[in-house]
Each structure stands twice: as structure tokens, then as C-alpha cells.
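Shown here: upload.cif, mmCIF, C-alpha atoms.
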```cif
data_model
#
loop_
_atom_site.label_atom_id
_atom_site.label_comp_id
_atom_site.auth_asym_id
_atom_site.auth_seq_id
_atom_site.Cartn_x
_atom_site.Cartn_y
_atom_site.Cartn_z
CA MET J 1106 -56.65 197.05 57.55
CA PRO J 1107 -60.01 198.92 57.41
CA SER J 1108 -61.04 201.17 54.57
CA HIS J 1109 -58.69 204.12 54.24
CA VAL J 1110 -57.38 206.93 52.04
CA PHE J 1111 -54.19 206.15 50.12
CA MET J 1112 -51.81 208.75 48.69
CA LEU J 1113 -49.99 208.33 45.39
CA TYR J 1114 -46.96 210.56 44.85
CA THR J 1115 -43.40 210.62 43.58
CA PRO J 1116 -40.31 211.17 45.79
CA ALA J 1117 -40.09 214.81 44.67
CA ASP J 1118 -43.51 215.46 46.26
CA HIS J 1119 -42.79 213.52 49.46
CA ASP J 1120 -42.64 216.51 51.84
CA PHE J 1121 -45.85 217.92 50.41
CA ALA J 1122 -47.54 214.52 50.75
CA TYR J 1123 -46.49 214.30 54.41
CA HIS J 1124 -47.88 217.74 55.30
CA LEU J 1125 -51.11 217.02 53.44
CA ALA J 1126 -51.51 213.68 55.25
CA VAL J 1127 -51.04 215.39 58.61
CA GLN J 1128 -53.74 217.94 57.76
CA LEU J 1129 -56.17 215.21 56.69
CA GLU J 1130 -55.50 213.11 59.78
CA GLN J 1131 -56.09 216.12 62.04
CA ARG J 1132 -59.52 216.41 60.48
CA GLY J 1133 -60.33 212.78 61.29
CA LEU J 1134 -59.69 211.12 57.92
CA VAL J 1135 -58.15 207.65 57.90
CA VAL J 1136 -54.93 208.01 55.88
CA TRP J 1137 -52.70 204.94 55.54
CA PRO J 1138 -49.82 204.66 55.30
CA VAL J 1139 -48.81 208.16 56.39
CA PRO J 1140 -45.63 209.22 54.55
CA ASP J 1141 -42.54 208.98 56.74
CA PRO J 1142 -41.07 212.52 56.97
CA THR J 1143 -37.56 211.11 57.34
CA LEU J 1144 -37.73 208.61 54.50
CA PRO J 1145 -38.81 209.76 51.01
CA GLN J 1146 -40.13 206.73 49.17
CA ALA J 1147 -40.85 205.87 45.58
CA VAL J 1148 -44.39 205.29 44.37
CA LEU J 1149 -45.84 202.20 46.03
CA SER J 1150 -46.70 199.34 43.70
CA ASN J 1151 -50.26 198.33 42.88
CA GLU J 1152 -49.80 194.97 44.61
CA GLU J 1153 -49.09 196.49 48.02
CA LYS J 1154 -51.81 196.18 50.61
CA GLY J 1155 -52.15 199.94 51.14
CA LEU J 1156 -53.36 200.69 47.63
CA ALA J 1157 -55.16 197.38 47.10
CA GLN J 1158 -57.40 197.86 50.15
CA ALA J 1159 -57.91 201.63 49.85
CA SER J 1160 -61.41 202.94 49.29
CA HIS J 1161 -60.19 206.40 48.24
CA VAL J 1162 -56.99 207.49 46.51
CA ILE J 1163 -55.36 210.92 46.32
CA GLY J 1164 -52.92 211.44 43.47
CA ILE J 1165 -50.47 214.33 43.85
CA PHE J 1166 -49.93 215.83 40.40
CA SER J 1167 -46.91 217.93 39.49
CA PRO J 1168 -44.73 218.18 36.37
CA THR J 1169 -42.25 215.78 37.97
CA ALA J 1170 -45.00 213.29 38.80
CA LEU J 1171 -46.29 213.20 35.23
CA GLU J 1172 -42.78 212.52 33.97
CA SER J 1173 -42.87 209.29 35.96
CA GLY J 1174 -44.24 206.41 33.93
CA ALA J 1175 -44.85 204.41 37.11
CA PHE J 1176 -46.96 207.19 38.64
CA ARG J 1177 -49.06 207.61 35.52
CA LYS J 1178 -49.57 203.84 35.25
CA GLN J 1179 -50.72 203.69 38.89
CA CYS J 1180 -53.21 206.51 38.39
CA VAL J 1181 -54.67 204.93 35.24
CA GLU J 1182 -55.04 201.56 37.01
CA VAL J 1183 -56.77 203.19 39.99
CA CYS J 1184 -59.25 204.94 37.68
CA ALA J 1185 -59.84 201.71 35.77
CA ALA J 1186 -60.55 199.91 39.07
CA LYS J 1187 -63.27 202.53 39.72
CA LYS J 1188 -61.82 203.57 43.06
CA ASN J 1189 -62.72 207.02 44.34
CA MET J 1190 -59.77 209.04 43.12
CA LEU J 1191 -59.09 212.74 43.55
CA GLY J 1192 -56.16 214.57 42.04
CA VAL J 1193 -54.22 217.24 43.93
CA LEU J 1194 -52.84 219.79 41.51
CA ARG J 1195 -49.62 221.23 42.96
CA GLN J 1196 -48.63 223.05 39.77
CA GLU J 1197 -50.21 223.70 36.39
CA VAL J 1198 -49.79 220.60 34.22
CA ASN J 1199 -51.17 219.22 30.97
CA LEU J 1200 -52.99 216.03 31.88
CA PRO J 1201 -52.69 213.12 29.45
CA ASP J 1202 -55.88 211.95 27.78
CA ASP J 1203 -56.17 208.86 29.97
CA LEU J 1204 -56.27 211.06 33.11
CA ALA J 1205 -58.18 214.04 31.74
CA ASP J 1206 -61.39 213.00 33.51
CA CYS J 1207 -59.78 212.70 36.96
CA PRO J 1208 -61.41 215.29 39.31
CA MET J 1209 -58.85 217.79 40.59
CA VAL J 1210 -58.46 220.04 43.63
CA ASP J 1211 -56.32 223.10 42.92
CA PHE J 1212 -53.52 223.46 45.48
CA GLN J 1213 -51.97 226.44 43.73
CA LYS J 1214 -54.11 228.66 45.97
CA PRO J 1215 -53.34 229.02 49.74
CA PHE J 1216 -52.65 225.59 51.19
CA LEU J 1217 -55.19 225.53 54.04
CA LEU J 1218 -58.01 226.74 51.83
CA ALA J 1219 -57.24 223.98 49.36
CA VAL J 1220 -57.16 221.43 52.20
CA GLU J 1221 -60.67 222.49 53.21
CA THR J 1222 -61.88 222.02 49.63
CA LEU J 1223 -60.26 218.57 49.49
CA VAL J 1224 -61.82 217.52 52.81
CA LYS J 1225 -65.22 218.66 51.59
CA ARG J 1226 -64.82 216.61 48.41
CA LEU J 1227 -63.70 213.55 50.39
CA LYS J 1228 -66.67 213.86 52.74
CA ALA J 1229 -69.02 214.06 49.75
CA ALA J 1230 -67.40 210.86 48.42
CA ASN J 1231 -67.96 209.09 51.78
CA ALA J 1232 -64.27 208.81 52.61
CA PRO J 1233 -63.54 206.98 55.90
CA PHE J 1234 -63.28 209.06 59.10
CA ARG J 1235 -62.12 207.79 62.49
CA ALA J 1236 -64.71 210.04 64.11
CA PRO J 1237 -66.95 212.88 62.96
CA PRO J 1238 -64.52 215.60 61.89
CA GLU J 1239 -64.33 218.57 64.24
CA ARG J 1240 -66.63 221.30 63.04
CA LEU J 1241 -64.59 224.23 61.79
CA SER J 1242 -65.80 227.60 60.64
CA PRO J 1243 -67.89 227.25 57.44
CA MET J 1244 -66.10 230.38 56.19
CA MET J 1245 -62.71 228.65 56.00
CA ASP J 1246 -62.94 228.22 52.22
CA LYS J 1247 -64.32 231.72 51.56
CA PRO J 1248 -61.50 234.22 52.19
CA GLY J 1249 -63.76 237.21 51.55
CA LEU J 1250 -66.05 236.11 54.39
CA LEU J 1251 -63.43 235.43 57.02
CA PRO J 1252 -64.35 237.32 60.21
CA ILE J 1253 -63.22 240.87 60.95
CA ALA J 1254 -63.48 240.16 64.69
CA VAL J 1255 -63.51 237.02 66.84
CA PRO J 1256 -65.01 236.80 70.35
CA GLY J 1257 -62.62 236.87 73.28
CA GLU J 1258 -62.99 235.41 76.77
CA ARG J 1259 -61.74 237.68 79.55
CA CYS J 1260 -60.24 235.98 82.60
CA TRP J 1261 -59.04 237.92 85.66
CA ARG J 1262 -56.27 236.26 87.66
CA ASP J 1263 -55.13 238.25 90.68
CA ASP J 1264 -53.97 241.57 89.22
CA ARG J 1265 -53.72 240.34 85.63
CA LEU J 1266 -56.18 240.14 82.78
CA ARG J 1267 -55.99 237.41 80.17
CA ILE J 1268 -58.10 237.54 77.00
CA ASN J 1269 -58.42 234.14 75.31
CA TYR J 1270 -59.25 233.45 71.67
CA ARG J 1271 -59.77 230.12 69.92
CA LEU J 1272 -58.96 230.14 66.21
CA PRO J 1273 -60.41 227.20 64.21
CA VAL J 1274 -57.37 226.55 62.06
CA LEU J 1275 -55.17 223.45 62.08
CA LEU J 1276 -51.42 223.94 61.67
CA SER J 1277 -48.32 222.04 62.66
CA GLN J 1278 -45.92 223.52 65.19
CA LYS J 1279 -43.35 224.04 62.46
CA GLU J 1280 -45.85 225.96 60.35
CA LEU J 1281 -46.69 228.21 63.29
CA GLU J 1282 -43.03 228.84 64.03
CA LYS J 1283 -42.47 229.73 60.39
CA ARG J 1284 -45.45 232.07 60.00
CA LEU J 1285 -45.83 233.86 63.31
CA PRO J 1286 -42.63 235.99 63.29
CA ALA J 1287 -43.85 237.89 60.23
CA PHE J 1288 -47.23 238.64 61.86
CA PHE J 1289 -45.55 239.62 65.12
CA ALA J 1290 -43.35 242.09 63.28
CA LEU J 1291 -46.34 243.62 61.47
CA ALA J 1292 -48.38 243.92 64.69
CA ARG J 1293 -45.35 245.35 66.56
CA PHE J 1294 -44.57 242.40 68.81
CA GLU J 1295 -41.06 241.34 69.70
CA LEU J 1296 -40.63 237.55 69.62
CA THR J 1297 -39.51 236.50 73.10
CA LYS J 1298 -40.09 232.76 73.41
CA VAL J 1299 -40.38 229.78 71.09
CA SER J 1300 -40.85 226.33 72.63
CA ARG J 1301 -42.47 223.02 71.78
CA LYS J 1302 -45.71 224.16 73.40
CA ARG J 1303 -45.99 227.90 72.81
CA ILE J 1304 -44.76 230.96 70.95
CA ARG J 1305 -44.78 234.30 72.77
CA GLY J 1306 -44.23 237.94 71.91
CA TRP J 1307 -44.01 241.22 73.85
CA ARG J 1308 -45.81 244.29 72.51
CA MET J 1309 -43.58 247.20 71.57
CA ARG J 1310 -45.00 250.42 73.00
CA GLU J 1311 -45.02 252.35 69.74
CA PHE J 1312 -48.63 253.53 69.76
CA ARG J 1313 -50.42 256.76 70.69
CA TRP J 1314 -52.05 257.62 73.97
CA PHE J 1315 -55.30 255.76 74.66
CA ASP J 1316 -54.49 253.16 71.98
CA PRO J 1317 -55.16 249.77 73.66
CA ARG J 1318 -52.02 248.42 71.99
CA ARG J 1319 -49.93 250.87 74.01
CA ALA J 1320 -50.46 248.73 77.12
CA GLU J 1321 -47.63 246.49 78.26
CA GLN J 1322 -48.96 243.18 77.03
CA THR J 1323 -47.81 239.81 75.79
CA ILE J 1324 -49.36 237.54 73.20
CA THR J 1325 -49.04 233.75 73.39
CA VAL J 1326 -49.96 231.27 70.64
CA GLU J 1327 -50.43 227.55 71.33
CA ARG J 1328 -51.54 224.60 69.25
CA ARG J 1329 -54.57 222.83 70.71
CA LYS J 1330 -56.80 220.00 69.56
CA GLY J 1331 -59.02 221.32 66.82
CA GLY J 1332 -57.41 224.74 66.55
CA VAL J 1333 -54.99 227.35 67.79
CA ARG J 1334 -55.35 229.19 71.11
CA VAL J 1335 -54.22 232.79 71.36
CA TYR J 1336 -54.21 234.88 74.51
CA TYR J 1337 -53.17 238.37 75.53
CA ARG J 1338 -52.02 239.11 79.06
CA MET J 1339 -51.57 242.47 80.81
CA THR J 1340 -51.81 243.96 84.29
CA ARG J 1341 -55.09 245.24 85.71
CA ILE J 1342 -53.80 248.80 85.92
CA GLN J 1343 -53.18 248.78 82.14
CA VAL J 1344 -56.86 248.12 81.34
CA TYR J 1345 -58.61 249.67 84.33
CA TYR J 1346 -60.14 252.48 82.28
CA TRP J 1347 -60.73 250.55 79.07
CA PHE J 1348 -64.05 250.77 77.27
CA PRO J 1349 -65.60 248.07 75.02
CA ALA J 1350 -64.03 249.83 72.03
CA HIS J 1351 -60.57 249.00 73.42
CA TYR J 1352 -61.35 245.30 73.78
CA HIS J 1353 -62.82 245.27 70.26
CA THR J 1354 -59.40 246.32 68.96
CA LEU J 1355 -57.81 243.10 70.25
CA ASN J 1356 -60.78 241.10 68.91
CA ARG J 1357 -59.97 242.47 65.47
CA GLU J 1358 -56.26 241.80 65.82
CA ALA J 1359 -56.95 238.16 66.76
CA ALA J 1360 -59.18 237.91 63.68
CA ALA J 1361 -56.38 239.38 61.55
CA LEU J 1362 -54.07 236.65 62.82
CA TYR J 1363 -56.74 234.07 61.95
CA ARG J 1364 -57.12 235.43 58.41
CA TYR J 1365 -53.35 235.38 57.94
CA LEU J 1366 -53.00 231.77 59.12
CA VAL J 1367 -55.83 230.67 56.81
CA THR J 1368 -54.89 232.56 53.66
CA GLY J 1369 -51.13 233.04 54.05
CA GLN J 1370 -51.53 236.67 52.89
CA LEU J 1371 -49.71 239.30 54.94
CA ASP J 1372 -49.78 243.01 54.14
CA GLU J 1373 -50.67 246.32 55.79
CA GLU J 1374 -54.30 245.96 54.69
CA LEU J 1375 -54.57 242.93 56.98
CA LEU J 1376 -54.45 245.20 60.04
CA ALA J 1377 -56.64 247.97 58.57
CA PRO J 1378 -59.72 246.93 60.67
CA VAL J 1379 -57.49 246.92 63.76
CA HIS J 1380 -56.19 250.44 63.10
CA ARG J 1381 -59.72 251.75 62.49
CA GLN J 1382 -61.01 250.27 65.74
CA ALA J 1383 -58.01 251.61 67.65
CA GLN J 1384 -58.79 255.07 66.27
CA ARG J 1385 -62.36 254.75 67.54
CA ALA J 1386 -61.07 253.74 70.97
CA ARG J 1387 -58.68 256.72 71.07
CA THR J 1388 -61.39 259.15 69.94
CA PHE J 1389 -63.85 257.88 72.53
CA SER J 1390 -61.22 258.07 75.27
CA TRP J 1391 -60.27 261.64 74.37
CA LEU J 1392 -63.95 262.68 74.30
CA VAL J 1393 -64.47 261.21 77.76
CA ALA J 1394 -61.28 262.84 79.08
CA VAL J 1395 -62.20 266.25 77.62
CA SER J 1396 -65.77 265.95 78.93
CA ILE J 1397 -64.50 265.21 82.43
CA GLY J 1398 -62.13 268.16 82.17
CA VAL J 1399 -64.94 270.49 81.09
CA VAL J 1400 -67.19 269.32 83.94
CA LEU J 1401 -64.42 269.83 86.49
CA ALA J 1402 -63.69 273.29 85.07
CA LEU J 1403 -67.38 274.27 85.34
CA LEU J 1404 -67.59 272.99 88.91
CA PHE J 1405 -64.45 274.96 89.81
CA ALA J 1406 -65.89 278.07 88.18
CA LEU J 1407 -69.16 277.69 90.12
CA MET J 1408 -67.26 277.27 93.37
CA VAL J 1409 -65.23 280.42 92.70
CA LEU J 1410 -68.35 282.42 91.89
#
```

Represent the supplied structure as C-alpha cells.
Amino acid sequence: MPSHVFMLYTPADHDFAYHLAVQLEQRGLVVWPVPDPTLPQAVLSNEEKGLAQASHVIGIFSPTALESGAFRKQCVEVCAAKKNMLGVLRQEVNLPDDLADCPMVDFQKPFLLAVETLVKRLKAANAPFRAPPERLSPMMDKPGLLPIAVPGERCWRDDRLRINYRLPVLLSQKELEKRLPAFFALARFELTKVSRKRIRGWRMREFRWFDPRRAEQTITVERRKGGVRVYYRMTRIQVYYWFPAHYHTLNREAAALYRYLVTGQLDEELLAPVHRQAQRARTFSWLVAVSIGVVLALLFALMVL
């Protein structure tokens, strides 16, 4: 077995260990053995090949883990063997003196942000990768710098327009299915389809005239290699008189979805940039409509005179 990352954990942290291993594997790290999601296991012994041949070890620390004498003994032996060990702090704990110097990554903050920090630390420690990890946005671990808008690709197909977005965030299908309904409800989408490949919603027409979100449109979310693909679809007649300001509204909504998936934070403030851009689009549309009306009125008046 080549060099790999080994995970130390207690049965109580098994589900967490599995999800963390999946995230690390998706980023190209060599994790072995990957926890079996159907079979919680006790801490593996120091004699087993997985730990003995590992170049890097991740210890998952929680109050339950530190109550386990076997877990603590394993961690102390790994540190004594001078293996590259990183601790994952699930909850606030008081570390014993013999583990006080173990470097920790705080997983009490949003999960995906903590994963990015852990990956960065593993890369700095020369952890084994199957291939160069896919380059994700450098802003992933800086919530305050996550984008307000993301670029969209417009594709016309017959009489329909599809606007595609690629969000650089890695999530399992179960995580998407768990998180998306809350965002759909906030953005006024009705969930219409959930399958193994995609999750789809239909926009409720609860917006004012000239608001781009008033159009009859669907949103579809799919997991893809290296990220999540999101696309809106609507008929040509719905967007025939749209201006760039209207498209920018959807760019900001896609970015809001991205920020939510990264940080796990969902509130009305999340959509504030979307509402502001929609207001700009409505204002611009009304100005154009009124201007056209004034010009037509002047032309009619000139013809009468």
C-alpha cells in the first residue's frame, strides 16, 4: 500500500469521519482505509497495516474520543513515532498534556471552510495526492471575500435560454438534498424534482413587474466533478427585452447559493445583493418604458399639430 492518510476516530465519530474522508478524497488526497458508512468500527490498532504504513494521520477529537483510553494511546504513539499528525477538533475539549502540542484544525466553524483549512495544512505537510488537487476558488476559506456575483454562460436552444453557472464547491448528493430546499424556499422556488442526478425547482411568480425573477423559470442543481453546476431555464419570450441588469440579478442569486453552500449560513441578508440588483433592473426598465412612452406621445402630438 503506498503512502496515505490514515484517520483515527472512535465509533461515536464514525459518520463524521466518513464525510470528512469523502471530502478529502474528492480533493485528490489518498485516504486509506475509507470508513465504511454502513459499519461503524472501533479504533484500529497500531499493528494494523493502515496506520503502520501511513505517512499522515488525522485524529478526530471530541469529548467522547478523549474518554477512550485506546484512542488517546494511539494518538500519543503516533506523535512519538514522529508521523505527520493533525487533530480535527469537532467540539471544544481540554487536551491532555501529552497531546497539547498536537496541531489542530477547528471544525466548530462551517464544515466546508474547515475542510479547506485542513487540505491546505495537509498540502503544506506534503500529504500524498493521487493527482494535483483541482484548483478551487482561493476565497473558499475567507467567507467575507466570497463573490457577490458569479459569471454565467448563456446558451440558446431553440426557443429557450439556459444560463449555466459552475460553483467550485464539493458536496455529496445527500448534503445537496438536505441544504437546497431551504435555499429554494428563501429564493421563492418550489421544489419539483429530486433524483440521483439533479434537483430542480420552479420559480414562484411573486415578484413585481420588470423583476427578472418574475419570469417563468426553473433552476436545476447537479453535482459534477470538481464542483456543482447550476442552470436556469426559461423561454425566449420571457427574456426578449432583458437588459444586462436583469442577467446580473441571476448572477448574484447564483453567487448567493454558492455562499450558502460554502458557509452554511442562510438568512434574508444572503439575498440582499440580489434584491438590490433586481431593483436596479426594474428601475432601468421603467425608465426605458417611460422614455418610449414620452417619445411616442411627442410624435403623436407633432402629427396632430

Next on the checklist: Please enumerate the residues selected by the PyMOL selection byres ((chain J and resi 1346-1355) around 8) when evaluated against the supplied file, formatted as a PyMOL selection string.
Outcome noted: chain J and resi 1254+1316-1317+1343-1345+1356-1359+1379-1380+1382-1383+1385-1386

Checklist entry - Within 10 Å of segment 1126-1129 of chain J, counting only C-alpha atoms, which residues qualify if same-chain residues fewer than 3 places away don't, as a list in words? => result Val1110, Phe1111, Met1112, Asp1120, Phe1121, Ala1122, Tyr1123, Arg1132, Gly1133, Leu1134, Val1135, Val1136, Trp1137, Pro1138, Val1139, Pro1140, Leu1217, Val1220, Glu1221, Leu1223, Val1224, Leu1227, Phe1234, Pro1238, Leu1275, Leu1276 and Ser1277 of chain J

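Using only C-alpha atoms for every distance, the candidate list J:Leu1362, J:Leu1392, J:Leu1204, J:Ala1186 yields J:Leu1362 as the residue closest to Pro1378 of chain J.
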
Item to check | Point-to-point distance from atom CA of Glu1258 of chain J to atom CA of Arg1338 of chain J, Å rounded to tenths | outcome: 11.8 Å

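Checking J:Glu1295, J:Glu1197, J:Glu1374, J:Asp1141 one by one against Pro1168 of chain J, counting only C-alpha atoms, you find the shortest gap at J:Glu1197.
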
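You will find atom CA of Lys1188 of chain J at 23.3 Å from atom CA of His1124 of chain J.
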
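Ranking J:Val1399, J:Ala1185, J:Val1367, J:Leu1404 by their shortest atom-to-atom distance to Ala1219 of chain J, with all atoms listed in the file included, puts J:Val1367 first.
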
Item to check | Minimum-distance residue to Leu1266 of chain J, chosen among J:Asn1199, J:Ser1160, J:Thr1340, J:Ser1300 (using only C-alpha atoms) | outcome: J:Thr1340

Next on the checklist: Taking the file as I've supplied it (selection: the PyMOL selection byres ((chain J and resi 1115) around 12)), which residues are included? Please answer as a ChimeraX atom specification.
Outcome noted: /J:1112-1114,1116-1123,1140,1145-1150,1164-1177,1179-1180

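The space between atom CA of Arg1318 of chain J and atom CA of Phe1294 of chain J spans 10.1 Å.
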
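Proximity of J:Met1190, J:Ala1320, J:Met1408, J:Ala1394 to Ala1230 of chain J, computed with only C-alpha atoms, is greatest for J:Met1190.
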
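Every residue that the PyMOL selection byres ((chain J and resi 1222) around 12) selects in this file is listed here: Leu1129, Leu1191, Val1193, Met1209, Val1210, Asp1211, Phe1212, Lys1214, Pro1215, Phe1216, Leu1217, Leu1218, Ala1219, Val1220, Glu1221, Leu1223, Val1224, Lys1225, Arg1226, Leu1227, Lys1228, Ala1229, Pro1243, Met1244, Met1245, Asp1246 and Lys1247 of chain J.
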
Checklist entry - What's the 12 Å shell around Asp1372 of chain J, counting only C-alpha atoms, without same-chain residues fewer than 3 positions away, as a list of chain:residue names? => result J:Ala1287, J:Phe1288, J:Ala1290, J:Leu1291, J:Ala1292, J:Ala1361, J:Leu1362, J:Arg1364, J:Tyr1365, J:Thr1368, J:Gly1369, J:Leu1375, J:Leu1376, J:Ala1377

To box segment 1327-1344 of chain J, take all atoms listed in the file, fit an axis-aligned box, add 4 Å on each side, and give centre and edge lengths in Å to one decimal, as JSON.
```
{"center_x": -54.7, "center_y": 234.4, "center_z": 76.2, "size_x": 16.6, "size_y": 36.8, "size_z": 27.4}
```
